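Asker: Please find query_12.cif (mmCIF, C-alpha atoms) on the next line:
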data_target
loop_
_atom_site.label_atom_id
_atom_site.label_comp_id
_atom_site.auth_asym_id
_atom_site.auth_seq_id
_atom_site.Cartn_x
_atom_site.Cartn_y
_atom_site.Cartn_z
CA MET Q 1 39.05 175.59 204.49
CA PRO Q 2 36.71 172.81 203.25
CA LEU Q 3 33.93 173.94 200.96
CA SER Q 4 31.22 172.52 203.23
CA ILE Q 5 32.46 174.70 206.12
CA VAL Q 6 32.45 177.78 203.87
CA PHE Q 7 28.86 177.05 202.83
CA GLY Q 8 27.89 176.46 206.45
CA LEU Q 9 29.39 179.80 207.44
CA LEU Q 10 27.50 181.56 204.64
CA VAL Q 11 24.22 180.07 205.80
CA MET Q 12 24.97 181.02 209.42
CA MET Q 13 25.84 184.59 208.38
CA SER Q 14 22.54 184.80 206.52
CA LEU Q 15 20.64 183.61 209.59
CA VAL Q 16 22.39 186.12 211.86
CA LEU Q 17 21.71 188.95 209.40
CA ASN Q 18 18.03 187.99 209.27
CA TRP Q 19 17.91 187.95 213.08
CA ILE Q 20 19.53 191.40 213.34
CA VAL Q 21 17.73 193.13 210.46
CA GLY Q 22 14.51 191.16 210.71
CA PRO Q 23 13.15 188.56 208.35
CA THR Q 24 12.92 190.01 204.87
CA ARG Q 25 12.64 186.61 203.19
CA PRO Q 26 11.94 183.04 204.24
CA PRO Q 27 14.81 181.35 206.11
CA PRO Q 28 17.00 179.01 204.07
CA LEU Q 29 15.89 175.42 203.85
CA PRO Q 30 18.24 172.60 204.86
CA LEU Q 31 19.33 170.09 202.24
CA PRO Q 32 18.45 167.52 201.30
CA LEU Q 33 14.83 168.60 201.15
CA PRO Q 34 12.21 165.91 201.67
CA LEU Q 35 10.74 165.02 198.32
CA PRO Q 36 6.98 164.86 197.87
CA PRO Q 37 5.51 161.49 196.94
CA PRO Q 38 5.66 160.74 193.20
CA SER Q 39 2.78 162.25 191.28
CA PRO Q 40 1.37 161.35 187.87
CA SER Q 41 2.55 164.67 186.45
CA PRO Q 42 5.84 166.37 187.38
CA PRO Q 43 5.54 169.67 189.24
CA LYS Q 44 6.02 172.88 187.31
CA VAL Q 45 9.41 174.46 188.06
CA PRO Q 46 9.17 178.05 186.86
CA PRO Q 47 12.34 179.71 185.62
CA MET Q 48 13.30 182.44 188.07
CA SER Q 49 16.48 184.01 186.77
CA ASP Q 50 16.73 187.23 184.79
CA THR Q 51 17.83 185.29 181.72
CA PRO Q 52 15.18 184.16 179.23
CA LYS Q 53 16.02 180.49 179.81
CA PRO Q 54 16.16 178.52 183.06
CA SER Q 55 19.47 177.34 184.49
CA VAL Q 56 19.98 173.97 186.20
CA LEU Q 57 22.93 172.87 188.34
CA PHE Q 58 23.53 169.17 189.04
CA VAL Q 59 25.69 168.44 192.10
CA CYS Q 60 27.34 165.24 193.33
CA VAL Q 61 30.47 164.79 195.43
CA HIS Q 62 33.00 163.97 192.70
CA ASN Q 63 31.23 165.35 189.60
CA ALA Q 64 32.48 162.22 187.86
CA GLY Q 65 29.31 160.19 187.38
CA ARG Q 66 25.71 161.04 188.26
CA SER Q 67 25.90 164.81 187.81
CA GLN Q 68 27.83 164.42 184.53
CA MET Q 69 25.21 162.03 183.14
CA ALA Q 70 22.34 164.31 184.21
CA ALA Q 71 24.00 167.38 182.67
CA ALA Q 72 24.67 165.51 179.42
CA PHE Q 73 21.08 164.25 179.13
CA LEU Q 74 19.63 167.71 179.88
CA THR Q 75 21.96 169.34 177.36
CA ARG Q 76 20.98 166.79 174.70
CA LEU Q 77 17.25 166.89 175.39
CA ALA Q 78 16.83 170.64 175.98
CA GLY Q 79 19.31 171.94 173.45
CA ASP Q 80 20.12 175.59 174.08
CA ARG Q 81 16.83 176.25 175.90
CA VAL Q 82 18.31 175.46 179.32
CA GLU Q 83 21.62 176.59 180.78
CA VAL Q 84 23.18 173.42 182.21
CA ARG Q 85 25.95 173.16 184.82
CA SER Q 86 27.37 170.35 186.92
CA ALA Q 87 29.82 170.42 189.82
CA GLY Q 88 31.08 168.53 192.84
CA SER Q 89 32.18 169.45 196.34
CA ALA Q 90 35.29 167.26 196.00
CA PRO Q 91 35.76 166.80 192.25
CA ALA Q 92 37.65 163.77 190.93
CA ASP Q 93 40.47 164.10 188.42
CA THR Q 94 38.48 162.51 185.59
CA VAL Q 95 35.00 161.32 184.72
CA ASN Q 96 34.36 157.66 185.62
CA PRO Q 97 35.28 155.53 182.52
CA ALA Q 98 32.26 153.23 183.05
CA VAL Q 99 30.01 156.31 182.99
CA VAL Q 100 31.66 157.49 179.75
CA ALA Q 101 31.06 154.04 178.22
CA ALA Q 102 27.42 153.85 179.37
CA MET Q 103 26.69 157.31 177.98
CA ALA Q 104 28.38 156.42 174.67
CA GLU Q 105 25.88 153.53 174.41
CA ALA Q 106 23.13 156.17 174.72
CA GLY Q 107 24.71 158.15 171.89
CA ILE Q 108 26.23 160.86 174.08
CA ASP Q 109 29.99 161.47 174.22
CA ILE Q 110 31.14 162.88 177.57
CA SER Q 111 34.77 161.75 177.21
CA ALA Q 112 35.99 165.36 177.00
CA GLU Q 113 34.17 166.47 180.18
CA THR Q 114 36.14 167.24 183.34
CA PRO Q 115 34.90 167.38 186.93
CA LYS Q 116 34.40 170.92 188.26
CA ILE Q 117 34.38 172.36 191.79
CA LEU Q 118 31.07 173.52 193.28
CA THR Q 119 31.07 177.29 193.81
CA VAL Q 120 28.71 179.70 195.50
CA ASP Q 121 28.46 181.62 192.22
CA ALA Q 122 27.29 178.51 190.33
CA VAL Q 123 24.54 177.93 192.91
CA ARG Q 124 23.53 181.61 192.95
CA ALA Q 125 23.27 181.67 189.14
CA SER Q 126 20.99 178.61 189.00
CA ASP Q 127 17.20 178.48 189.04
CA VAL Q 128 17.18 174.79 189.97
CA VAL Q 129 19.87 172.97 191.99
CA ILE Q 130 19.68 169.16 192.02
CA THR Q 131 21.82 167.19 194.43
CA MET Q 132 22.27 163.55 193.59
CA GLY Q 133 21.45 161.79 196.86
CA CYS Q 134 24.98 162.19 198.08
CA GLY Q 135 24.55 164.34 201.17
CA ASP Q 136 26.19 167.40 199.60
CA THR Q 137 25.18 170.72 201.02
CA CYS Q 138 24.69 173.83 198.94
CA PRO Q 139 24.29 177.43 199.95
CA VAL Q 140 20.63 178.37 199.89
CA PHE Q 141 19.46 181.43 197.99
CA PRO Q 142 15.94 182.82 197.71
CA GLY Q 143 14.26 182.08 194.40
CA THR Q 144 16.22 178.90 193.78
CA THR Q 145 14.47 175.52 193.70
CA TYR Q 146 16.36 172.71 195.46
CA LEU Q 147 15.74 169.03 194.68
CA ASP Q 148 17.51 165.85 195.82
CA TRP Q 149 17.57 162.79 193.58
CA THR Q 150 18.42 159.63 195.49
CA LEU Q 151 20.55 157.59 193.08
CA ASP Q 152 23.06 154.77 193.40
CA ASP Q 153 26.69 155.86 193.12
CA PRO Q 154 28.44 154.55 189.97
CA ALA Q 155 31.89 155.00 191.55
CA GLY Q 156 33.88 151.78 191.32
CA GLN Q 157 31.13 150.07 189.27
CA GLY Q 158 31.36 148.51 185.83
CA THR Q 159 29.30 149.54 182.82
CA ASP Q 160 26.66 146.86 183.55
CA ALA Q 161 25.98 148.43 186.97
CA VAL Q 162 26.00 151.98 185.53
CA ARG Q 163 23.33 151.33 182.87
CA PRO Q 164 20.34 151.26 185.26
CA ILE Q 165 21.64 154.41 187.00
CA ARG Q 166 21.98 156.09 183.60
CA ASP Q 167 18.44 155.09 182.62
CA ASP Q 168 17.02 156.34 185.94
CA ILE Q 169 18.79 159.68 185.47
CA GLU Q 170 17.50 160.01 181.90
CA GLN Q 171 13.91 159.45 183.08
CA ARG Q 172 14.30 162.04 185.86
CA VAL Q 173 15.75 164.57 183.39
CA ARG Q 174 12.79 164.02 181.06
CA GLU Q 175 10.44 164.66 184.00
CA LEU Q 176 12.43 167.78 184.92
CA LEU Q 177 12.00 169.11 181.38
CA THR Q 178 8.27 168.53 181.62
CA GLY Q 179 8.25 170.40 184.95
CA LEU Q 180 10.13 173.27 183.34
CA GLY Q 181 7.59 173.35 180.51
CA ILE Q 182 10.22 172.61 177.87
CA ALA Q 183 9.66 170.11 175.05
CA GLU Q 184 12.47 167.68 174.32
CA ASP Q 185 14.75 168.29 171.34
CA GLY Q 186 15.19 164.53 170.93
CA GLY Q 187 18.41 162.94 169.80
CA VAL Q 188 18.63 160.39 172.63
CA ARG Q 189 17.78 156.83 171.72
CA GLN Q 190 14.80 155.32 173.50
CA PRO Q 191 15.62 152.77 176.24
CA GLN Q 192 14.50 149.80 174.11
CA ASP Q 193 17.20 150.70 171.54
CA ARG Q 194 20.03 150.42 174.06
CA ARG Q 195 22.15 147.38 174.74
CA THR Q 196 21.10 145.84 178.05
CA ARG Q 197 23.50 142.96 178.52
#
Go through the file and emit its structure as structure tokens.
Answerer:
Amino acid sequence: MPLSIVFGLLVMMSLVLNWIVGPTRPPPLPLPLPLPPPSPSPPKVPPMSDTPKPSVLFVCVHNAGRSQMAAAFLTRLAGDRVEVRSAGSAPADTVNPAVVAAMAEAGIDISAETPKILTVDAVRASDVVITMGCGDTCPVFPGTTYLDWTLDDPAGQGTDAVRPIRDDIEQRVRELLTGLGIAEDGGVRQPQDRRTR
């Protein structure tokens, strides 16, 4: 059974249970959520799990490009202060080679990463779930923050086309860290230091 159908069934079961038992929590929100207009300062995203550090899940269809870059940047910038996951609803066999090359230019090696399947447990264990503008649906759990980043898809693109996507993702990850109230560890070269052929 396709993962999207399983997630749909879980959401429907939750709605029926709320109808029978009565609303004990707000109904789940559909994804993607409309994003508020950009603001000068990123919104605070409070950690909500029982662990002392927040957990973030990045989701795209193949987990071979956008979500891998976002997870790598967050891991580099936050160090061990954020639990980072990435997954896809239909994972590819390998990470996109152009994405690997673009991230290597930024000083981050993701050549050993492998795409992973999106699971209900991964979503449930995350404080923040970020879909990458790809129309993926995730099960909705109370206490989890859901965001959608509209990004170009690097699939089938060369390194030149991936660089601006990479830089956009890095900026969004930096804003996410600010919203989480976490200072950057550093270790990622500034954009002016990168090759921009």
Asker: Rounded to one decimal, what separation in Å do you get between CA of Thr159 (chain Q) and CA of Thr75 (chain Q)?
Answerer: 21.8 Å
Asker: I'd like to know which of Q:Val123, Q:Leu77, Q:Ala106, Q:Val95 is closest to His62 (chain Q), using all atoms listed in the file.
Answerer: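 Checking each of Q:Val123, Q:Leu77, Q:Ala106, Q:Val95 against His62 (chain Q), counting all atoms listed in the file, the winner is Q:Val95.
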Asker: Could you state the separation of CA of Pro139 (chain Q) and CA of Arg66 (chain Q) in Å, given to one decimal place?
Answerer: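 Interatomic distance here is 20.2 Å.
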Asker: Can you tell me how far CA of Ser67 (chain Q) sits from CA of Phe141 (chain Q), in Å to one decimal?
Answerer: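 Pair CA of Ser67 (chain Q) / CA of Phe141 (chain Q) returns 20.5 Å.
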Asker: Which residues, protein or nucleic acid, reach to within 12 Å of (27.4, 157.9, 173.9) in the file's coordinates when using only C-alpha atoms, and can you give that as a PyMOL selection string?
Answerer: chain Q and resi 69+72-73+76+97-112+163+166+187-189+194-195
Asker: Go ahead and dump the residues you just picked, C-alpha atoms, as an mmCIF file, in the frame of the given file.
Answerer:
data_model
loop_
_atom_site.group_PDB
_atom_site.id
_atom_site.type_symbol
_atom_site.label_atom_id
_atom_site.label_comp_id
_atom_site.auth_asym_id
_atom_site.auth_seq_id
_atom_site.Cartn_x
_atom_site.Cartn_y
_atom_site.Cartn_z
ATOM 1 C CA MET Q 69 25.210 162.030 183.140
ATOM 2 C CA ALA Q 72 24.670 165.510 179.420
ATOM 3 C CA PHE Q 73 21.080 164.250 179.130
ATOM 4 C CA ARG Q 76 20.980 166.790 174.700
ATOM 5 C CA PRO Q 97 35.280 155.530 182.520
ATOM 6 C CA ALA Q 98 32.260 153.230 183.050
ATOM 7 C CA VAL Q 99 30.010 156.310 182.990
ATOM 8 C CA VAL Q 100 31.660 157.490 179.750
ATOM 9 C CA ALA Q 101 31.060 154.040 178.220
ATOM 10 C CA ALA Q 102 27.420 153.850 179.370
ATOM 11 C CA MET Q 103 26.690 157.310 177.980
ATOM 12 C CA ALA Q 104 28.380 156.420 174.670
ATOM 13 C CA GLU Q 105 25.880 153.530 174.410
ATOM 14 C CA ALA Q 106 23.130 156.170 174.720
ATOM 15 C CA GLY Q 107 24.710 158.150 171.890
ATOM 16 C CA ILE Q 108 26.230 160.860 174.080
ATOM 17 C CA ASP Q 109 29.990 161.470 174.220
ATOM 18 C CA ILE Q 110 31.140 162.880 177.570
ATOM 19 C CA SER Q 111 34.770 161.750 177.210
ATOM 20 C CA ALA Q 112 35.990 165.360 177.000
ATOM 21 C CA ARG Q 163 23.330 151.330 182.870
ATOM 22 C CA ARG Q 166 21.980 156.090 183.600
ATOM 23 C CA GLY Q 187 18.410 162.940 169.800
ATOM 24 C CA VAL Q 188 18.630 160.390 172.630
ATOM 25 C CA ARG Q 189 17.780 156.830 171.720
ATOM 26 C CA ARG Q 194 20.030 150.420 174.060
ATOM 27 C CA ARG Q 195 22.150 147.380 174.740
#
Asker: Mind checking which residues fall within 8 Å of Ile130 (chain Q), counting only C-alpha atoms, ignoring those fewer than 6 positions away in the same chain, and posting them as a PyMOL selection string?
Answerer: chain Q and resi 56-59+146-149
Asker: As lines of an AutoDock Vina configuration file, please report the centre and edge lengths, rounded to one decimal in Å, of the axis-aligned box that holds all listed atoms of region 103-112 of chain Q with 5 Å of padding on each of the six sides.
Answerer:
center_x = 29.6
center_y = 159.4
center_z = 174.9
size_x = 22.9
size_y = 21.8
size_z = 16.1
Asker: Here's the selection I'm unsure about, the PyMOL selection byres ((chain Q and resi 60) around 10); applied to the file above, which residues does it give, as a list in words?
Answerer: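 Applying the expression gives Phe58, Val59, Val61, His62, Asn63, Ala64, Gly65, Arg66, Ser67, Gln68, Ser86, Ala87, Gly88, Ser89, Ala90, Pro91, Leu118, Ile130, Thr131, Met132, Gly133, Cys134, Gly135, Asp136, Thr137 and Asp153 of chain Q.
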Asker: Go ahead and write the residues just picked, C-alpha atoms, as a compact mmCIF listing (two decimals), keeping the file's coordinate frame.
Answerer:
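File out-v6.txt, as written:
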# COMPACT_ATOMS: atom_id res chain seq x y z
CA PHE Q 58 23.53 169.17 189.04
CA VAL Q 59 25.69 168.44 192.10
CA VAL Q 61 30.47 164.79 195.43
CA HIS Q 62 33.00 163.97 192.70
CA ASN Q 63 31.23 165.35 189.60
CA ALA Q 64 32.48 162.22 187.86
CA GLY Q 65 29.31 160.19 187.38
CA ARG Q 66 25.71 161.04 188.26
CA SER Q 67 25.90 164.81 187.81
CA GLN Q 68 27.83 164.42 184.53
CA SER Q 86 27.37 170.35 186.92
CA ALA Q 87 29.82 170.42 189.82
CA GLY Q 88 31.08 168.53 192.84
CA SER Q 89 32.18 169.45 196.34
CA ALA Q 90 35.29 167.26 196.00
CA PRO Q 91 35.76 166.80 192.25
CA LEU Q 118 31.07 173.52 193.28
CA ILE Q 130 19.68 169.16 192.02
CA THR Q 131 21.82 167.19 194.43
CA MET Q 132 22.27 163.55 193.59
CA GLY Q 133 21.45 161.79 196.86
CA CYS Q 134 24.98 162.19 198.08
CA GLY Q 135 24.55 164.34 201.17
CA ASP Q 136 26.19 167.40 199.60
CA THR Q 137 25.18 170.72 201.02
CA ASP Q 153 26.69 155.86 193.12
Asker: Of the candidates Q:Thr119, Q:Thr114, Q:Thr94, Q:Ser126, which one gets nearest to Ala155 (chain Q) if we count only C-alpha atoms?
Answerer: Q:Thr94
Asker: Which one of Q:Asp185, Q:Ile169, Q:Lys116, Q:Gly179 sits closest to Arg85 (chain Q) if you count only C-alpha atoms?
Answerer: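 Checking each candidate against Arg85 (chain Q), we get Q:Lys116 as the closest.
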Asker: Using the chain letters and numbers from the file, give me the residues hit by the PyMOL selection byres ((chain Q and resi 55) around 6), as a list in words.
Answerer: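 In the shown coordinates, the PyMOL selection byres ((chain Q and resi 55) around 6) covers Pro54, Val56, Val82, Glu83, Val84, Ser126 and Asp127 of chain Q.
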Asker: Given the selection you just returned, output its residues as a file containing C-alpha atoms, formatted as a PDB file, keeping the file's coordinate frame.
Answerer:
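Generated file (out22.pdb):
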ATOM      1  CA  PRO Q  54      16.160 178.520 183.060  1.00  0.00           C
ATOM      2  CA  VAL Q  56      19.980 173.970 186.200  1.00  0.00           C
ATOM      3  CA  VAL Q  82      18.310 175.460 179.320  1.00  0.00           C
ATOM      4  CA  GLU Q  83      21.620 176.590 180.780  1.00  0.00           C
ATOM      5  CA  VAL Q  84      23.180 173.420 182.210  1.00  0.00           C
ATOM      6  CA  SER Q 126      20.990 178.610 189.000  1.00  0.00           C
ATOM      7  CA  ASP Q 127      17.200 178.480 189.040  1.00  0.00           C
TER       8      ASP Q 127
END
Asker: Extract region 138-152 of chain Q from the coordinates I pasted, and write it as a PDB file, in the first residue's frame (atoms kept: N, CA, C and O atoms).
Answerer:
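Result written to part.pdb:
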ATOM      1  N   CYS Q 138       2.478  14.435   5.201  1.00  0.00           N
ATOM      2  CA  CYS Q 138       2.996  13.796   6.400  1.00  0.00           C
ATOM      3  C   CYS Q 138       1.849  13.608   7.371  1.00  0.00           C
ATOM      4  O   CYS Q 138       0.925  14.422   7.399  1.00  0.00           O
ATOM      5  N   PRO Q 139       1.913  12.575   8.186  1.00  0.00           N
ATOM      6  CA  PRO Q 139       0.917  12.472   9.244  1.00  0.00           C
ATOM      7  C   PRO Q 139       1.073  13.661  10.182  1.00  0.00           C
ATOM      8  O   PRO Q 139       2.169  14.172  10.374  1.00  0.00           O
ATOM      9  N   VAL Q 140      -0.020  14.120  10.726  1.00  0.00           N
ATOM     10  CA  VAL Q 140      -0.001  15.308  11.571  1.00  0.00           C
ATOM     11  C   VAL Q 140      -0.183  14.895  13.021  1.00  0.00           C
ATOM     12  O   VAL Q 140      -1.122  14.178  13.345  1.00  0.00           O
ATOM     13  N   PHE Q 141       0.727  15.343  13.870  1.00  0.00           N
ATOM     14  CA  PHE Q 141       0.660  15.026  15.289  1.00  0.00           C
ATOM     15  C   PHE Q 141       0.629  16.322  16.088  1.00  0.00           C
ATOM     16  O   PHE Q 141       1.299  17.294  15.734  1.00  0.00           O
ATOM     17  N   PRO Q 142      -0.128  16.350  17.178  1.00  0.00           N
ATOM     18  CA  PRO Q 142      -0.152  17.543  18.019  1.00  0.00           C
ATOM     19  C   PRO Q 142       1.242  17.837  18.557  1.00  0.00           C
ATOM     20  O   PRO Q 142       2.001  16.916  18.839  1.00  0.00           O
ATOM     21  N   GLY Q 143       1.559  19.106  18.680  1.00  0.00           N
ATOM     22  CA  GLY Q 143       2.846  19.501  19.237  1.00  0.00           C
ATOM     23  C   GLY Q 143       3.974  19.536  18.232  1.00  0.00           C
ATOM     24  O   GLY Q 143       5.096  19.882  18.577  1.00  0.00           O
ATOM     25  N   THR Q 144       3.706  19.183  17.001  1.00  0.00           N
ATOM     26  CA  THR Q 144       4.730  19.223  15.964  1.00  0.00           C
ATOM     27  C   THR Q 144       4.488  20.441  15.088  1.00  0.00           C
ATOM     28  O   THR Q 144       3.354  20.723  14.712  1.00  0.00           O
ATOM     29  N   THR Q 145       5.554  21.162  14.769  1.00  0.00           N
ATOM     30  CA  THR Q 145       5.468  22.314  13.876  1.00  0.00           C
ATOM     31  C   THR Q 145       5.733  21.845  12.457  1.00  0.00           C
ATOM     32  O   THR Q 145       6.718  21.146  12.213  1.00  0.00           O
ATOM     33  N   TYR Q 146       4.866  22.234  11.519  1.00  0.00           N
ATOM     34  CA  TYR Q 146       5.006  21.849  10.117  1.00  0.00           C
ATOM     35  C   TYR Q 146       5.278  23.088   9.273  1.00  0.00           C
ATOM     36  O   TYR Q 146       4.561  24.081   9.383  1.00  0.00           O
ATOM     37  N   LEU Q 147       6.336  23.019   8.458  1.00  0.00           N
ATOM     38  CA  LEU Q 147       6.694  24.103   7.551  1.00  0.00           C
ATOM     39  C   LEU Q 147       6.871  23.526   6.149  1.00  0.00           C
ATOM     40  O   LEU Q 147       7.229  22.357   5.996  1.00  0.00           O
ATOM     41  N   ASP Q 148       6.644  24.345   5.133  1.00  0.00           N
ATOM     42  CA  ASP Q 148       6.894  23.925   3.750  1.00  0.00           C
ATOM     43  C   ASP Q 148       7.811  24.946   3.101  1.00  0.00           C
ATOM     44  O   ASP Q 148       7.498  26.139   3.093  1.00  0.00           O
ATOM     45  N   TRP Q 149       8.962  24.482   2.626  1.00  0.00           N
ATOM     46  CA  TRP Q 149       9.905  25.346   1.923  1.00  0.00           C
ATOM     47  C   TRP Q 149       9.748  25.090   0.431  1.00  0.00           C
ATOM     48  O   TRP Q 149      10.006  23.977  -0.037  1.00  0.00           O
ATOM     49  N   THR Q 150       9.337  26.093  -0.306  1.00  0.00           N
ATOM     50  CA  THR Q 150       9.204  25.959  -1.752  1.00  0.00           C
ATOM     51  C   THR Q 150      10.585  26.159  -2.371  1.00  0.00           C
ATOM     52  O   THR Q 150      11.156  27.245  -2.302  1.00  0.00           O
ATOM     53  N   LEU Q 151      11.115  25.076  -2.939  1.00  0.00           N
ATOM     54  CA  LEU Q 151      12.465  25.075  -3.510  1.00  0.00           C
ATOM     55  C   LEU Q 151      12.447  24.383  -4.863  1.00  0.00           C
ATOM     56  O   LEU Q 151      11.668  23.445  -5.073  1.00  0.00           O
ATOM     57  N   ASP Q 152      13.318  24.816  -5.757  1.00  0.00           N
ATOM     58  CA  ASP Q 152      13.463  24.112  -7.032  1.00  0.00           C
ATOM     59  C   ASP Q 152      14.002  22.713  -6.767  1.00  0.00           C
ATOM     60  O   ASP Q 152      14.737  22.483  -5.798  1.00  0.00           O
TER      61      ASP Q 152
END
